[in-house]
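Structure first, commentary second.
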Amino acid sequence: MYRPLYARDVFAELDRLQREMQDAFDLSPSIRGIGRGGFPALNIGGTPTSVEIYAFAPGLDPASMEVNLDRGLLTIAGERPANLPSGDDDESTVHINERFAGRFRRVVSLSDDVDPNSVSADYRDGVLHIHVKRHESAQPRRITVQ
Amino acid sequence: MNDTTAVTRNESASRSDTATRHEAAQRSDTTLLPPVDVFEDSTGITLRTDLPGVPKDKLTLQVEAGTLTIEGEVSIPTPEGMQATYAEVDVPRFRRVFTLSKELDTAKVSAEFKHGVLSIRIPKAEHAQPRRIDISVS
């Protein structure tokens, strides 16, 4: 299942090993497993008014991607074609094959304060950016003292 | 520290190793190794690599002294004041170097960059291309 998408130099790899050891000894991991290493790689951030999800999914047709938000679970699914020369062609040889190909699906559980009715997504430079607004009631407000 | 790079750094304080990871990300020579596909046919070599989040102007491709260097910097516009909570891509730089072989014609390298995928075509030199040799029977 684990396939490193982006390897690093030796110091960073040692760092990753240390982190994975910690994950392995975690007594209560997430029910959906340790997500790292799946395709696409995800970065998640938040502002007081929104949740921002960045999926590193290069080489896809934006129309073929499926983004769903159902009961607080955000699903990103799609398929990436292999685009390698087929094996029956004697003229070509595949020397390195590291890039992900095939169907993918990643699920992220979002916090309860997001508004499922205001989700937007755009695709730029191979990165799918999903913007989910938080509920008005959950946003920070300044209360005036009378 | 500008807003565009915030997403690639993990600012979560929940992990005890955040400090060391942070240090690793700051080290200027730390780069991510982008995955590649390389295949060859009779007229040349095609290389494809994933560089998501790299805009066209932050991509450098260099052929020098028989090596091919691919470098790209991740630059993603993020909303102001965003705090990264989880990051799998935590170094904002890609770099990979390949040694080319002699029969490749480095003067005729062509490249295309679309949706974060870079395709490079390196043709073989004329003299290295397969030729059919006619045998004359006397």
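How things are named: the first chain in the structure tokens is A, the next is B, and so on; residues count from 1 in each chain; ligands count from 1 in the order shown.
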- Task: From a DSSP pass on the backbone, collect the residues of region 59-104 of chain B flagged as strand (DSSP E or B) and hand them back as a ChimeraX atom specification.
- Result: /B:59-64,67-73,83-87,93-99,104
Those residues with N, CA and C atoms, as a JSON list (two decimals), in the first residue's frame please?
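File written: selection22.json
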[["chain", "number", "residue", "atom", "x", "y", "z"],
["B", 59, "LEU", "N", 10.26, 26.70, -12.94],
["B", 59, "LEU", "CA", 10.84, 25.43, -13.36],
["B", 59, "LEU", "C", 12.13, 25.68, -14.12],
["B", 60, "THR", "N", 13.21, 25.00, -13.75],
["B", 60, "THR", "CA", 14.45, 25.14, -14.52],
["B", 60, "THR", "C", 14.90, 23.77, -15.00],
["B", 61, "LEU", "N", 15.29, 23.78, -16.26],
["B", 61, "LEU", "CA", 15.71, 22.56, -16.92],
["B", 61, "LEU", "C", 17.06, 22.86, -17.51],
["B", 62, "GLN", "N", 18.05, 22.04, -17.15],
["B", 62, "GLN", "CA", 19.41, 22.36, -17.58],
["B", 62, "GLN", "C", 20.12, 21.12, -18.10],
["B", 63, "VAL", "N", 20.75, 21.26, -19.23],
["B", 63, "VAL", "CA", 21.57, 20.17, -19.77],
["B", 63, "VAL", "C", 22.99, 20.69, -19.81],
["B", 64, "GLU", "N", 23.86, 20.05, -19.05],
["B", 64, "GLU", "CA", 25.23, 20.54, -18.96],
["B", 64, "GLU", "C", 26.17, 19.39, -18.70],
["B", 67, "THR", "N", 24.78, 15.94, -18.08],
["B", 67, "THR", "CA", 23.77, 15.70, -17.06],
["B", 67, "THR", "C", 22.53, 16.55, -17.33],
["B", 68, "LEU", "N", 21.41, 16.00, -16.96],
["B", 68, "LEU", "CA", 20.14, 16.70, -17.10],
["B", 68, "LEU", "C", 19.65, 17.03, -15.69],
["B", 69, "THR", "N", 19.43, 18.29, -15.40],
["B", 69, "THR", "CA", 18.98, 18.69, -14.07],
["B", 69, "THR", "C", 17.58, 19.30, -14.17],
["B", 70, "ILE", "N", 16.68, 18.77, -13.35],
["B", 70, "ILE", "CA", 15.31, 19.29, -13.31],
["B", 70, "ILE", "C", 15.12, 19.90, -11.93],
["B", 71, "GLU", "N", 14.75, 21.16, -11.89],
["B", 71, "GLU", "CA", 14.53, 21.82, -10.61],
["B", 71, "GLU", "C", 13.24, 22.62, -10.65],
["B", 72, "GLY", "N", 12.48, 22.59, -9.60],
["B", 72, "GLY", "CA", 11.25, 23.36, -9.57],
["B", 72, "GLY", "C", 10.93, 23.80, -8.16],
["B", 73, "GLU", "N", 10.33, 24.95, -8.07],
["B", 73, "GLU", "CA", 9.96, 25.46, -6.75],
["B", 73, "GLU", "C", 8.44, 25.50, -6.65],
["B", 83, "GLN", "N", -3.12, 28.70, 8.44],
["B", 83, "GLN", "CA", -2.23, 27.90, 9.25],
["B", 83, "GLN", "C", -2.24, 26.49, 8.69],
["B", 84, "ALA", "N", -1.08, 25.95, 8.36],
["B", 84, "ALA", "CA", -1.04, 24.57, 7.86],
["B", 84, "ALA", "C", -1.26, 23.63, 9.04],
["B", 85, "THR", "N", -2.16, 22.66, 8.88],
["B", 85, "THR", "CA", -2.42, 21.73, 9.97],
["B", 85, "THR", "C", -1.87, 20.35, 9.68],
["B", 86, "TYR", "N", -1.71, 20.03, 8.40],
["B", 86, "TYR", "CA", -1.25, 18.71, 8.02],
["B", 86, "TYR", "C", -0.54, 18.84, 6.69],
["B", 87, "ALA", "N", 0.65, 18.28, 6.55],
["B", 87, "ALA", "CA", 1.36, 18.44, 5.28],
["B", 87, "ALA", "C", 2.11, 17.17, 4.90],
["B", 93, "ARG", "N", 10.44, 22.30, -2.71],
["B", 93, "ARG", "CA", 11.41, 22.30, -3.80],
["B", 93, "ARG", "C", 11.59, 20.88, -4.35],
["B", 94, "PHE", "N", 11.62, 20.79, -5.67],
["B", 94, "PHE", "CA", 11.88, 19.50, -6.32],
["B", 94, "PHE", "C", 13.22, 19.58, -7.04],
["B", 95, "ARG", "N", 13.95, 18.47, -7.06],
["B", 95, "ARG", "CA", 15.21, 18.45, -7.80],
["B", 95, "ARG", "C", 15.57, 17.02, -8.15],
["B", 96, "ARG", "N", 15.98, 16.82, -9.38],
["B", 96, "ARG", "CA", 16.45, 15.49, -9.78],
["B", 96, "ARG", "C", 17.46, 15.62, -10.92],
["B", 97, "VAL", "N", 18.49, 14.83, -10.84],
["B", 97, "VAL", "CA", 19.57, 14.92, -11.82],
["B", 97, "VAL", "C", 19.76, 13.55, -12.48],
["B", 98, "PHE", "N", 19.94, 13.55, -13.79],
["B", 98, "PHE", "CA", 20.21, 12.32, -14.53],
["B", 98, "PHE", "C", 21.48, 12.47, -15.35],
["B", 99, "THR", "N", 22.20, 11.37, -15.47],
["B", 99, "THR", "CA", 23.38, 11.36, -16.33],
["B", 99, "THR", "C", 22.93, 10.87, -17.70],
["B", 104, "LEU", "N", 22.93, 10.46, -27.08],
["B", 104, "LEU", "CA", 21.78, 11.37, -27.07],
["B", 104, "LEU", "C", 22.19, 12.76, -27.56]]
- Task: Select all residues from chain B having any atom no more than 6 Å from an atom of chain A (counting only C-alpha atoms, ignoring ligands), output as a ChimeraX atom specification.
- Result: /B:32-41,52-53,82-88,115-117
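Of the residues in region 9-125 of chain B, those given alpha helix (DSSP H) by DSSP on the backbone are Thr18, Ala19, Thr20, Arg21, His22, Glu23, Ala24, Ala25 and Gln26 of chain B.
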Can you pull out every residue within 12 Å of region 125-134 of chain B, counting only C-alpha atoms, but drop anything in the same chain fewer than 3 positions away, and send it as a compact mmCIF listing (two decimals) with C-alpha atoms, in the first residue's frame?
# COMPACT_ATOMS: atom_id res chain seq x y z
CA GLU A 91 10.63 -0.89 -30.36
CA ASP B 41 12.25 3.93 -28.49
CA SER B 42 14.45 3.68 -31.55
CA THR B 43 14.69 7.43 -32.06
CA GLY B 44 15.08 8.77 -28.54
CA ILE B 45 14.22 8.82 -24.84
CA SER B 101 24.63 8.88 -22.40
CA LYS B 102 26.76 9.83 -25.36
CA GLU B 103 24.43 8.85 -28.17
CA LEU B 104 21.78 11.37 -27.07
CA ASP B 105 21.58 14.66 -28.90
CA THR B 106 21.46 17.22 -26.08
CA ALA B 107 21.10 20.10 -28.53
CA LYS B 108 17.66 18.88 -29.58
CA VAL B 109 15.98 18.40 -26.22
CA ILE B 122 15.75 13.67 -25.93
CA VAL B 137 24.54 -9.23 -53.93
- Message: Would you compute the distance between CA of Met65 (chain A) and CA of Glu79 (chain A)? Give it in Å to one decimal.
- Response: 7.6 Å
